[in-house]
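Chemist: So I've got this file, start17.cif, and it contains mmCIF, C-alpha atoms:
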```cif
data_work
loop_
_atom_site.label_atom_id
_atom_site.label_comp_id
_atom_site.auth_asym_id
_atom_site.auth_seq_id
_atom_site.Cartn_x
_atom_site.Cartn_y
_atom_site.Cartn_z
CA MET A 137 189.18 92.89 144.75
CA ALA A 138 191.13 93.71 147.92
CA GLN A 139 194.11 94.75 145.86
CA ALA A 140 191.92 96.99 143.71
CA ALA A 141 190.35 98.58 146.81
CA HIS A 142 193.77 99.44 148.22
CA GLN A 143 195.20 100.60 144.92
CA ALA A 144 197.14 103.88 145.25
CA PRO A 145 195.42 107.02 143.85
CA PRO A 146 196.62 108.17 140.43
CA GLN A 147 199.67 110.38 140.45
CA GLY A 148 200.37 113.51 138.42
CA PRO A 149 197.71 115.85 136.94
CA ASN A 150 195.00 113.18 137.20
CA ASN A 151 195.15 113.20 141.01
CA PRO A 152 192.06 115.15 142.31
CA ALA A 153 193.73 115.94 145.63
CA LEU A 154 196.73 117.51 143.89
CA TRP A 155 194.40 119.47 141.59
CA ARG A 156 192.45 120.87 144.55
CA ARG A 157 195.67 121.74 146.36
CA GLY A 158 196.92 123.57 143.28
CA ALA A 159 193.62 125.46 142.97
CA HIS A 160 193.84 126.58 146.59
CA ARG A 161 197.39 127.78 146.04
CA TRP A 162 196.28 129.74 142.98
CA GLU A 163 193.48 131.39 144.97
CA GLU A 164 195.76 132.17 147.90
CA THR A 165 198.24 133.82 145.55
CA LEU A 166 195.79 135.76 143.38
CA ILE A 167 193.24 137.02 145.93
CA PRO A 168 195.73 138.96 148.12
CA LYS A 169 197.15 140.61 144.99
CA VAL A 170 193.67 141.61 143.81
CA LEU A 171 192.83 143.01 147.25
CA LEU A 172 196.13 144.90 147.33
CA LEU A 173 195.41 146.32 143.89
CA MET A 174 191.93 147.48 144.93
CA GLY A 175 193.34 149.06 148.07
CA MET A 176 196.03 150.87 146.09
CA VAL A 177 193.44 152.14 143.62
CA SER A 178 191.36 153.55 146.48
CA ILE A 179 194.40 155.17 148.13
CA LEU A 180 195.71 156.66 144.88
CA THR A 181 192.26 157.98 143.98
CA THR A 182 191.97 159.69 147.37
CA VAL A 183 195.48 161.13 147.07
CA GLY A 184 194.72 162.37 143.56
CA ILE A 185 191.57 164.14 144.71
CA VAL A 186 193.36 165.78 147.62
CA VAL A 187 196.32 166.85 145.46
CA SER A 188 194.12 168.37 142.76
CA LEU A 189 192.01 170.14 145.37
CA ALA A 190 195.05 171.45 147.23
CA THR A 191 196.72 172.62 144.00
CA GLU A 192 193.75 174.72 142.94
CA ALA A 193 193.24 176.01 146.48
CA PHE A 194 196.90 177.05 146.64
CA GLN A 195 196.44 179.15 143.49
CA PHE A 196 193.44 180.81 145.14
CA PHE A 197 195.41 181.62 148.29
CA ARG A 198 198.17 183.16 146.18
CA ALA A 199 195.63 185.84 145.17
CA VAL A 200 193.64 186.01 148.41
CA PRO A 201 195.61 186.10 151.68
CA LEU A 202 194.63 183.87 154.57
CA SER A 203 193.96 186.98 156.66
CA ASP A 204 191.08 187.87 154.33
CA PHE A 205 189.83 184.29 154.13
CA PHE A 206 189.68 183.77 157.90
CA GLY A 207 189.57 187.36 159.10
CA ASP A 208 186.63 188.73 157.11
CA THR A 209 183.02 188.07 158.08
CA LYS A 210 181.48 188.70 154.66
CA TRP A 211 181.34 186.35 151.68
CA SER A 212 180.64 187.92 148.28
CA PRO A 213 183.36 186.75 145.85
CA THR A 214 181.12 187.06 142.79
CA TYR A 215 180.30 190.75 143.36
CA SER A 216 182.45 192.90 141.11
CA LEU A 217 182.09 196.09 143.17
CA ASP A 218 182.20 194.78 146.74
CA ARG A 219 184.17 191.55 146.93
CA HIS A 220 184.69 189.78 150.23
CA PHE A 221 186.28 186.39 150.78
CA GLY A 222 185.49 185.67 154.43
CA ILE A 223 184.60 181.99 154.80
CA TRP A 224 182.78 182.32 158.13
CA PRO A 225 179.25 182.93 156.73
CA LEU A 226 179.45 179.63 154.82
CA ILE A 227 180.84 177.82 157.87
CA SER A 228 178.08 179.36 160.01
CA GLY A 229 175.37 178.14 157.63
CA THR A 230 176.91 174.68 157.42
CA PHE A 231 177.17 174.28 161.17
CA LEU A 232 173.66 175.64 161.75
CA VAL A 233 172.08 173.10 159.40
CA THR A 234 174.28 170.33 160.81
CA ALA A 235 173.39 171.22 164.40
CA ILE A 236 169.66 171.08 163.60
CA ALA A 237 170.10 167.76 161.82
CA ALA A 238 172.13 166.31 164.70
CA ALA A 239 169.67 167.55 167.35
CA PHE A 240 166.90 165.69 165.53
CA ALA A 241 168.70 162.60 164.23
CA LEU A 242 170.98 161.58 167.10
CA PRO A 243 168.27 160.91 169.72
CA VAL A 244 165.79 159.52 167.17
CA GLY A 245 168.39 157.21 165.63
CA LEU A 246 169.70 156.05 169.01
CA PHE A 247 166.23 155.37 170.45
CA THR A 248 165.30 153.53 167.26
CA ALA A 249 168.42 151.38 167.60
CA ILE A 250 167.61 150.63 171.25
CA PHE A 251 164.08 149.61 170.30
CA LEU A 252 165.26 147.35 167.47
CA SER A 253 167.98 145.78 169.60
CA GLU A 254 166.27 145.37 172.98
CA TYR A 255 162.50 145.62 172.57
CA ALA A 256 161.39 144.64 169.07
CA PRO A 257 160.50 140.99 168.43
CA ASP A 258 162.72 139.25 165.92
CA LYS A 259 160.07 139.22 163.18
CA LEU A 260 159.34 142.93 163.62
CA ARG A 261 163.06 143.77 163.56
CA ARG A 262 163.49 141.88 160.30
CA VAL A 263 160.79 144.08 158.76
CA LEU A 264 161.67 147.46 160.29
CA LYS A 265 165.41 147.44 159.68
CA PRO A 266 165.15 146.95 155.88
CA LEU A 267 162.48 149.66 155.79
CA LEU A 268 164.85 152.03 157.57
CA GLU A 269 167.62 151.21 155.14
CA VAL A 270 165.30 151.99 152.23
CA LEU A 271 165.30 155.60 153.45
CA ALA A 272 169.07 155.66 153.00
CA GLY A 273 168.63 154.78 149.32
CA ILE A 274 166.30 157.67 148.47
CA PRO A 275 168.09 160.26 146.27
CA THR A 276 168.92 163.42 148.18
CA VAL A 277 167.30 165.59 145.51
CA VAL A 278 164.00 163.94 146.46
CA TYR A 279 164.65 164.86 150.09
CA GLY A 280 165.35 168.41 148.94
CA TYR A 281 162.03 168.77 147.17
CA PHE A 282 160.31 167.14 150.14
CA ALA A 283 161.81 169.85 152.35
CA LEU A 284 160.77 172.58 149.94
CA THR A 285 157.25 171.40 149.17
CA PHE A 286 156.16 169.80 152.46
CA VAL A 287 158.34 170.66 155.45
CA THR A 288 158.68 174.39 154.73
CA PRO A 289 154.92 174.94 154.12
CA PHE A 290 154.21 172.94 157.30
CA ILE A 291 156.57 175.20 159.27
CA LEU A 292 155.01 178.34 157.77
CA ARG A 293 151.47 177.19 158.63
CA ASN A 294 152.16 176.10 162.20
CA LEU A 295 154.58 178.69 163.58
CA PRO A 296 153.07 181.24 165.98
CA GLY A 297 152.52 184.87 165.01
CA PRO A 298 155.99 186.34 165.79
CA PHE A 299 157.60 183.75 163.49
CA ALA A 300 155.04 183.86 160.70
CA ASP A 301 157.40 185.79 158.41
CA THR A 302 159.75 182.83 158.03
CA ASN A 303 161.58 182.73 154.72
CA THR A 304 160.57 180.15 152.17
CA PHE A 305 164.21 179.06 152.21
CA ASN A 306 165.39 178.49 155.77
CA ALA A 307 167.88 176.46 157.76
CA LEU A 308 165.23 174.75 159.91
CA ALA A 309 163.53 172.87 157.07
CA ALA A 310 166.86 171.89 155.54
CA GLY A 311 168.25 170.74 158.89
CA LEU A 312 165.19 168.65 159.74
CA VAL A 313 165.23 166.85 156.40
CA VAL A 314 168.99 166.27 156.58
CA GLY A 315 168.30 164.78 160.01
CA ILE A 316 165.65 162.49 158.53
CA MET A 317 168.17 161.42 155.90
CA ILE A 318 170.85 160.40 158.42
CA VAL A 319 168.54 158.66 160.91
CA PRO A 320 168.80 155.28 159.09
CA MET A 321 172.61 155.45 159.23
CA ILE A 322 172.63 156.09 162.98
CA ALA A 323 169.93 153.52 163.72
CA SER A 324 171.45 150.76 161.60
CA LEU A 325 175.05 151.16 162.76
CA SER A 326 174.09 151.64 166.41
CA GLU A 327 171.80 148.63 166.33
CA ASP A 328 174.61 146.51 164.87
CA ALA A 329 176.89 147.66 167.70
CA MET A 330 174.26 146.78 170.32
CA ILE A 331 173.57 143.37 168.82
CA ALA A 332 177.31 142.64 169.08
CA VAL A 333 177.20 143.10 172.89
CA PRO A 334 177.50 139.61 174.45
CA GLN A 335 174.25 138.15 175.76
CA SER A 336 176.06 137.20 178.97
CA LEU A 337 176.14 140.88 179.99
CA ARG A 338 172.39 141.14 179.56
CA ALA A 339 171.82 137.87 181.40
CA GLY A 340 173.99 139.03 184.30
CA ALA A 341 172.08 142.31 184.58
CA TYR A 342 168.71 140.53 184.48
CA ALA A 343 169.96 138.09 187.13
CA LEU A 344 170.68 141.05 189.42
CA GLY A 345 167.09 142.25 189.03
CA ALA A 346 167.56 144.99 186.42
CA THR A 347 164.62 145.97 184.24
CA ARG A 348 164.77 145.95 180.46
CA LEU A 349 165.19 149.73 180.39
CA GLU A 350 168.05 149.56 182.90
CA VAL A 351 169.74 146.83 180.89
CA ALA A 352 169.44 148.86 177.70
CA SER A 353 170.56 152.18 179.19
CA ARG A 354 173.16 151.05 181.74
CA VAL A 355 174.60 147.91 180.19
CA VAL A 356 174.05 147.68 176.44
CA VAL A 357 174.53 151.33 175.48
CA PRO A 358 177.76 151.79 177.50
CA ALA A 359 179.11 148.49 176.16
CA ALA A 360 178.33 149.51 172.56
CA LEU A 361 179.41 153.12 173.03
CA SER A 362 182.33 152.96 170.59
CA GLY A 363 180.06 151.76 167.77
CA ILE A 364 177.41 154.33 168.66
CA VAL A 365 179.97 157.14 168.64
CA ALA A 366 181.24 155.93 165.27
CA SER A 367 177.71 156.08 163.85
CA PHE A 368 177.27 159.61 165.23
CA VAL A 369 180.52 160.81 163.67
CA LEU A 370 179.74 159.24 160.29
CA ALA A 371 176.24 160.69 160.29
CA ILE A 372 177.39 164.19 161.24
CA SER A 373 180.11 164.06 158.57
CA ARG A 374 177.42 163.03 156.10
CA ALA A 375 175.30 165.99 157.18
CA VAL A 376 178.20 168.42 156.79
CA GLY A 377 178.81 167.23 153.24
CA GLU A 378 175.17 167.10 152.16
CA THR A 379 174.55 169.11 148.99
CA MET A 380 171.18 168.86 147.27
CA ILE A 381 168.94 169.25 150.32
CA VAL A 382 170.64 172.44 151.47
CA ALA A 383 170.94 173.77 147.92
CA LEU A 384 167.18 173.44 147.42
CA ALA A 385 165.81 174.22 150.90
CA ALA A 386 168.32 176.35 152.85
CA GLY A 387 168.69 179.19 150.39
CA ALA A 388 171.69 181.13 149.07
CA THR A 389 172.20 183.95 151.56
CA PRO A 390 175.68 183.74 153.09
CA HIS A 391 175.65 185.49 156.44
CA ILE A 392 176.45 184.67 160.04
CA THR A 393 173.29 183.90 161.98
CA GLY A 394 171.98 181.58 164.64
CA ASN A 395 168.35 181.98 163.61
CA PRO A 396 167.15 178.74 161.98
CA LEU A 397 164.22 180.55 160.34
CA GLU A 398 166.50 182.63 158.12
CA SER A 399 167.92 181.76 154.74
CA VAL A 400 171.55 180.62 154.89
CA GLN A 401 174.11 179.21 152.50
CA THR A 402 176.31 176.22 153.26
CA MET A 403 179.69 175.40 151.79
CA THR A 404 178.32 172.65 149.59
CA ALA A 405 175.45 174.84 148.36
CA TYR A 406 177.92 177.54 147.35
CA ILE A 407 179.99 175.01 145.40
CA VAL A 408 176.85 173.95 143.52
CA GLN A 409 175.90 177.58 142.85
CA VAL A 410 179.25 178.47 141.30
CA SER A 411 179.72 175.16 139.48
CA MET A 412 176.32 175.39 137.79
CA GLY A 413 176.48 179.11 137.10
CA GLU A 414 178.20 181.23 134.48
CA THR A 415 181.44 181.85 136.37
CA PRO A 416 184.32 181.81 133.84
CA TYR A 417 186.80 178.99 134.24
CA GLY A 418 190.12 179.93 135.82
CA THR A 419 188.97 183.18 137.41
CA ILE A 420 189.37 183.94 141.10
CA GLU A 421 185.63 183.47 141.54
CA TYR A 422 185.87 180.02 140.04
CA LYS A 423 188.81 179.05 142.25
CA THR A 424 186.82 179.88 145.37
CA ILE A 425 185.03 176.53 145.02
CA PHE A 426 188.37 174.74 145.55
CA ALA A 427 189.19 176.86 148.59
CA VAL A 428 185.76 176.13 150.04
CA GLY A 429 186.11 172.45 149.12
CA MET A 430 189.50 172.31 150.84
CA MET A 431 187.99 173.87 153.95
CA LEU A 432 185.19 171.30 153.87
CA PHE A 433 187.73 168.51 153.52
CA VAL A 434 189.72 169.79 156.51
CA ILE A 435 186.57 169.99 158.66
CA THR A 436 185.39 166.47 157.83
CA LEU A 437 188.93 165.10 158.27
CA ALA A 438 189.18 166.70 161.71
CA MET A 439 185.78 165.27 162.65
CA ASN A 440 186.80 161.77 161.57
CA ILE A 441 190.11 161.97 163.45
CA PHE A 442 188.26 163.08 166.56
CA GLY A 443 185.71 160.31 166.09
CA HIS A 444 188.46 157.74 165.65
CA TRP A 445 190.00 158.91 168.91
CA LEU A 446 186.64 158.65 170.69
CA VAL A 447 186.06 155.14 169.32
CA ARG A 448 189.46 154.00 170.57
CA ARG A 449 188.90 155.76 173.89
CA PHE A 450 185.60 153.99 174.66
CA ARG A 451 186.12 150.68 172.85
CA GLU A 452 185.29 147.61 174.90
CA HIS A 453 187.04 144.27 174.30
CA TYR A 454 185.16 141.04 175.01
#
```
Please go through the file and, once you have read it, give me the structure as structure tokens.

Modeler:
Amino acid sequence: MAQAAHQAPPQGPNNPALWRRGAHRWEETLIPKVLLLMGMVSILTTVGIVVSLATEAFQFFRAVPLSDFFGDTKWSPTYSLDRHFGIWPLISGTFLVTAIAAAFALPVGLFTAIFLSEYAPDKLRRVLKPLLEVLAGIPTVVYGYFALTFVTPFILRNLPGPFADTNTFNALAAGLVVGIMIVPMIASLSEDAMIAVPQSLRAGAYALGATRLEVASRVVVPAALSGIVASFVLAISRAVGETMIVALAAGATPHITGNPLESVQTMTAYIVQVSMGETPYGTIEYKTIFAVGMMLFVITLAMNIFGHWLVRRFREHY
């Protein structure tokens, strides 16, 4: 019996330890290759999109000089008698809607994140955070009709007399609803960044006699600033690229204005208008969507580069 108990394990393919070791080697060899393949697919897809966009935009700029594109203040490429190719009215409308959305969403999202991280009981946080994330899953076309059928009539009914002639399509309604759409992104990402702040920092602040508000505003928020900035940049980039809400609620009037009660047209709304219209393929009017798309890509890329710099600038290491 003692000899049987100390009998050596079977050798060769019947040895379980060797089989498990071989399985681990197979996983360690295959998984990195699969991950590399997925990464290469993502990179090549992005490069393909940028190349196709840049190619079509280059053909547009062969017909329309950059001086007209950036030097003109009118945008009417589909008018046969009075064509203008100045991009600034579309940029103005995009930035106006984005500014309204950011003015609403950034403080609301940040305060929501502070409440979830520092004030809400654990059970309440487990309920509220999934509810917030449900908002992120609502289709944007639903948000667009919500802006058109609820927010705009509410604005028209409640504005004082001098503003009673607000357009049915206006930047204010579109901006507010875009802000509602990006609040869950800001709140969720900021709350994750605050939760990651070590508890020792909070404990040290409480030991010095700080209140909960002082701990949240002077310890947690500065310590999580890089993650909060990242959420702001992602949310604003999402607002710049939003399509259906602005296409349904903001209108289709490209002009430079700072009045949120007027109808405006954003870059994405113009792309939808031309893509869904009767513009012949290959014409200069059709190629404007690639020039506008390239401009939108450059703006969002610049915003993400700036945001990456800010994140690195304020990142805290623990």

Chemist: Name the residues in contact with A:Gly207 at a cut-off of 10 Å, using all atoms listed in the file, excluding same-chain residues fewer than 5 positions from it; report them as a PyMOL selection string.

Modeler: chain A and resi 201-202+221-224

Chemist: Rounded to one decimal, what separation in Å do you get between atom CA of A:Pro320 and atom CA of A:Leu267?

Modeler: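 About the pair atom CA of A:Pro320 and atom CA of A:Leu267: they are 9.1 Å apart.
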
Chemist: Using all atoms listed in the file, which of the listed residues (A:Ile441, A:Ala385, A:Ala241, A:Ile364) sits closest to A:Ala329?

Modeler: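 Smallest separation from A:Ala329 among the options: A:Ile364.
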
Chemist: Have a look at A:Ala249, A:Met403, A:Ala339, A:Ala427 and name the one nearest to A:Pro225; count all atoms listed in the file.

Modeler: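 Closest residue, counting all atoms listed in the file: A:Met403.
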
Chemist: Could you check the closest approach to A:Ser362 for each of A:Leu217, A:Leu292, A:Leu166, A:Val333 and tell me which residue wins, using only C-alpha atoms?

Modeler: A:Val333

Chemist: Rounded to one decimal in Å, what is the spacing between atom CA of A:Val408 and atom CA of A:Val369?

Modeler: 24.3 Å

Chemist: Determine the nearest neighbour of A:Phe426 from the options A:Ser228, A:Ser373, A:Thr404, A:Gln335, counting all atoms listed in the file.

Modeler: A:Thr404

Chemist: Would you work out the distance separating atom CA of A:Tyr281 from atom CA of A:Ala309, expressed in Å to one decimal?

Modeler: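 Computing it gives 10.8 Å between the two atoms.
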
Chemist: Between A:Val376, A:Val278, A:Val170, A:Val183, which residue has the minimum interatomic distance to A:Phe231, considering all atoms listed in the file?

Modeler: A:Val376

Chemist: Residues within 8 Å of (180.9, 154.2, 168.4), file coordinates, counting only C-alpha atoms: what are they? Give the list as a PyMOL selection string.

Modeler: chain A and resi 326+329+360-368+446-447+450-451

Chemist: Quick one: 4 Å padding each side, axis-aligned, all listed atoms of stretch 394-402 of chain A - centre and edge lengths in Å to one decimal, as AutoDock Vina command-line options?

Modeler:
```
--center_x 170.3 --center_y 179.4 --center_z 158.6 --size_x 20.1 --size_y 14.4 --size_z 20.1
```

Chemist: Counting only C-alpha atoms, which of A:Met380, A:Leu246, A:Ile236, A:Ala375 gets nearest to A:Ser353?

Modeler: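 The answer is A:Leu246, which sits nearest to A:Ser353.
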
Chemist: Near A:Gln195, counting all atoms listed in the file, which residues have an atom at most 10 Å away, once you skip same-chain residues fewer than 2 positions from it, shown as a PyMOL selection string?

Modeler: chain A and resi 190-193+197-200+418+420+423-424+426-427

Chemist: Residues within 8 Å of (184.3, 184.4, 145.7), file coordinates, counting all atoms listed in the file: what are they? Give the list as a PyMOL selection string.

Modeler: chain A and resi 211-215+219-221+420-425

Chemist: Given the file above and the PyMOL selection byres ((chain A and resi 235) around 12), which residues are selected, and can you give them as a ChimeraX atom specification?

Modeler: /A:227-234,236-242,307-308,310-312,314-315,371-373,375-376,394-396

Chemist: Output as a PDB file, in the frame of the given file: stretch 241-258 of chain A, completed with N, CA and C atoms.

Modeler:
```
ATOM      1  N   ALA A 241     168.386 163.970 164.647  1.00  0.00           N
ATOM      2  CA  ALA A 241     168.700 162.600 164.230  1.00  0.00           C
ATOM      3  C   ALA A 241     169.375 161.774 165.314  1.00  0.00           C
ATOM      4  N   LEU A 242     170.238 162.381 166.129  1.00  0.00           N
ATOM      5  CA  LEU A 242     170.980 161.580 167.100  1.00  0.00           C
ATOM      6  C   LEU A 242     170.060 160.893 168.113  1.00  0.00           C
ATOM      7  N   PRO A 243     169.161 161.620 168.785  1.00  0.00           N
ATOM      8  CA  PRO A 243     168.270 160.910 169.720  1.00  0.00           C
ATOM      9  C   PRO A 243     167.300 159.965 169.020  1.00  0.00           C
ATOM     10  N   VAL A 244     166.744 160.386 167.875  1.00  0.00           N
ATOM     11  CA  VAL A 244     165.790 159.520 167.170  1.00  0.00           C
ATOM     12  C   VAL A 244     166.485 158.245 166.694  1.00  0.00           C
ATOM     13  N   GLY A 245     167.676 158.387 166.100  1.00  0.00           N
ATOM     14  CA  GLY A 245     168.390 157.210 165.630  1.00  0.00           C
ATOM     15  C   GLY A 245     168.809 156.294 166.761  1.00  0.00           C
ATOM     16  N   LEU A 246     169.274 156.877 167.883  1.00  0.00           N
ATOM     17  CA  LEU A 246     169.700 156.050 169.010  1.00  0.00           C
ATOM     18  C   LEU A 246     168.520 155.320 169.645  1.00  0.00           C
ATOM     19  N   PHE A 247     167.409 156.019 169.856  1.00  0.00           N
ATOM     20  CA  PHE A 247     166.230 155.370 170.450  1.00  0.00           C
ATOM     21  C   PHE A 247     165.677 154.292 169.514  1.00  0.00           C
ATOM     22  N   THR A 248     165.736 154.549 168.211  1.00  0.00           N
ATOM     23  CA  THR A 248     165.300 153.530 167.260  1.00  0.00           C
ATOM     24  C   THR A 248     166.184 152.295 167.351  1.00  0.00           C
ATOM     25  N   ALA A 249     167.495 152.510 167.482  1.00  0.00           N
ATOM     26  CA  ALA A 249     168.420 151.380 167.600  1.00  0.00           C
ATOM     27  C   ALA A 249     168.164 150.607 168.888  1.00  0.00           C
ATOM     28  N   ILE A 250     167.903 151.313 169.986  1.00  0.00           N
ATOM     29  CA  ILE A 250     167.610 150.630 171.250  1.00  0.00           C
ATOM     30  C   ILE A 250     166.327 149.798 171.128  1.00  0.00           C
ATOM     31  N   PHE A 251     165.314 150.352 170.482  1.00  0.00           N
ATOM     32  CA  PHE A 251     164.080 149.610 170.300  1.00  0.00           C
ATOM     33  C   PHE A 251     164.301 148.354 169.462  1.00  0.00           C
ATOM     34  N   LEU A 252     165.024 148.498 168.340  1.00  0.00           N
ATOM     35  CA  LEU A 252     165.260 147.350 167.470  1.00  0.00           C
ATOM     36  C   LEU A 252     166.106 146.289 168.161  1.00  0.00           C
ATOM     37  N   SER A 253     167.065 146.722 168.974  1.00  0.00           N
ATOM     38  CA  SER A 253     167.980 145.780 169.600  1.00  0.00           C
ATOM     39  C   SER A 253     167.395 145.111 170.833  1.00  0.00           C
ATOM     40  N   GLU A 254     166.654 145.868 171.663  1.00  0.00           N
ATOM     41  CA  GLU A 254     166.270 145.370 172.980  1.00  0.00           C
ATOM     42  C   GLU A 254     164.780 145.107 173.155  1.00  0.00           C
ATOM     43  N   TYR A 255     163.937 145.718 172.342  1.00  0.00           N
ATOM     44  CA  TYR A 255     162.500 145.620 172.570  1.00  0.00           C
ATOM     45  C   TYR A 255     161.748 144.915 171.441  1.00  0.00           C
ATOM     46  N   ALA A 256     162.160 145.146 170.202  1.00  0.00           N
ATOM     47  CA  ALA A 256     161.390 144.640 169.070  1.00  0.00           C
ATOM     48  C   ALA A 256     161.510 143.123 168.961  1.00  0.00           C
ATOM     49  N   PRO A 257     160.407 142.424 168.723  1.00  0.00           N
ATOM     50  CA  PRO A 257     160.500 140.990 168.430  1.00  0.00           C
ATOM     51  C   PRO A 257     161.324 140.752 167.167  1.00  0.00           C
ATOM     52  N   ASP A 258     161.826 139.555 167.049  1.00  0.00           N
ATOM     53  CA  ASP A 258     162.720 139.250 165.920  1.00  0.00           C
ATOM     54  C   ASP A 258     162.035 139.461 164.577  1.00  0.00           C
TER      55      ASP A 258
END
```
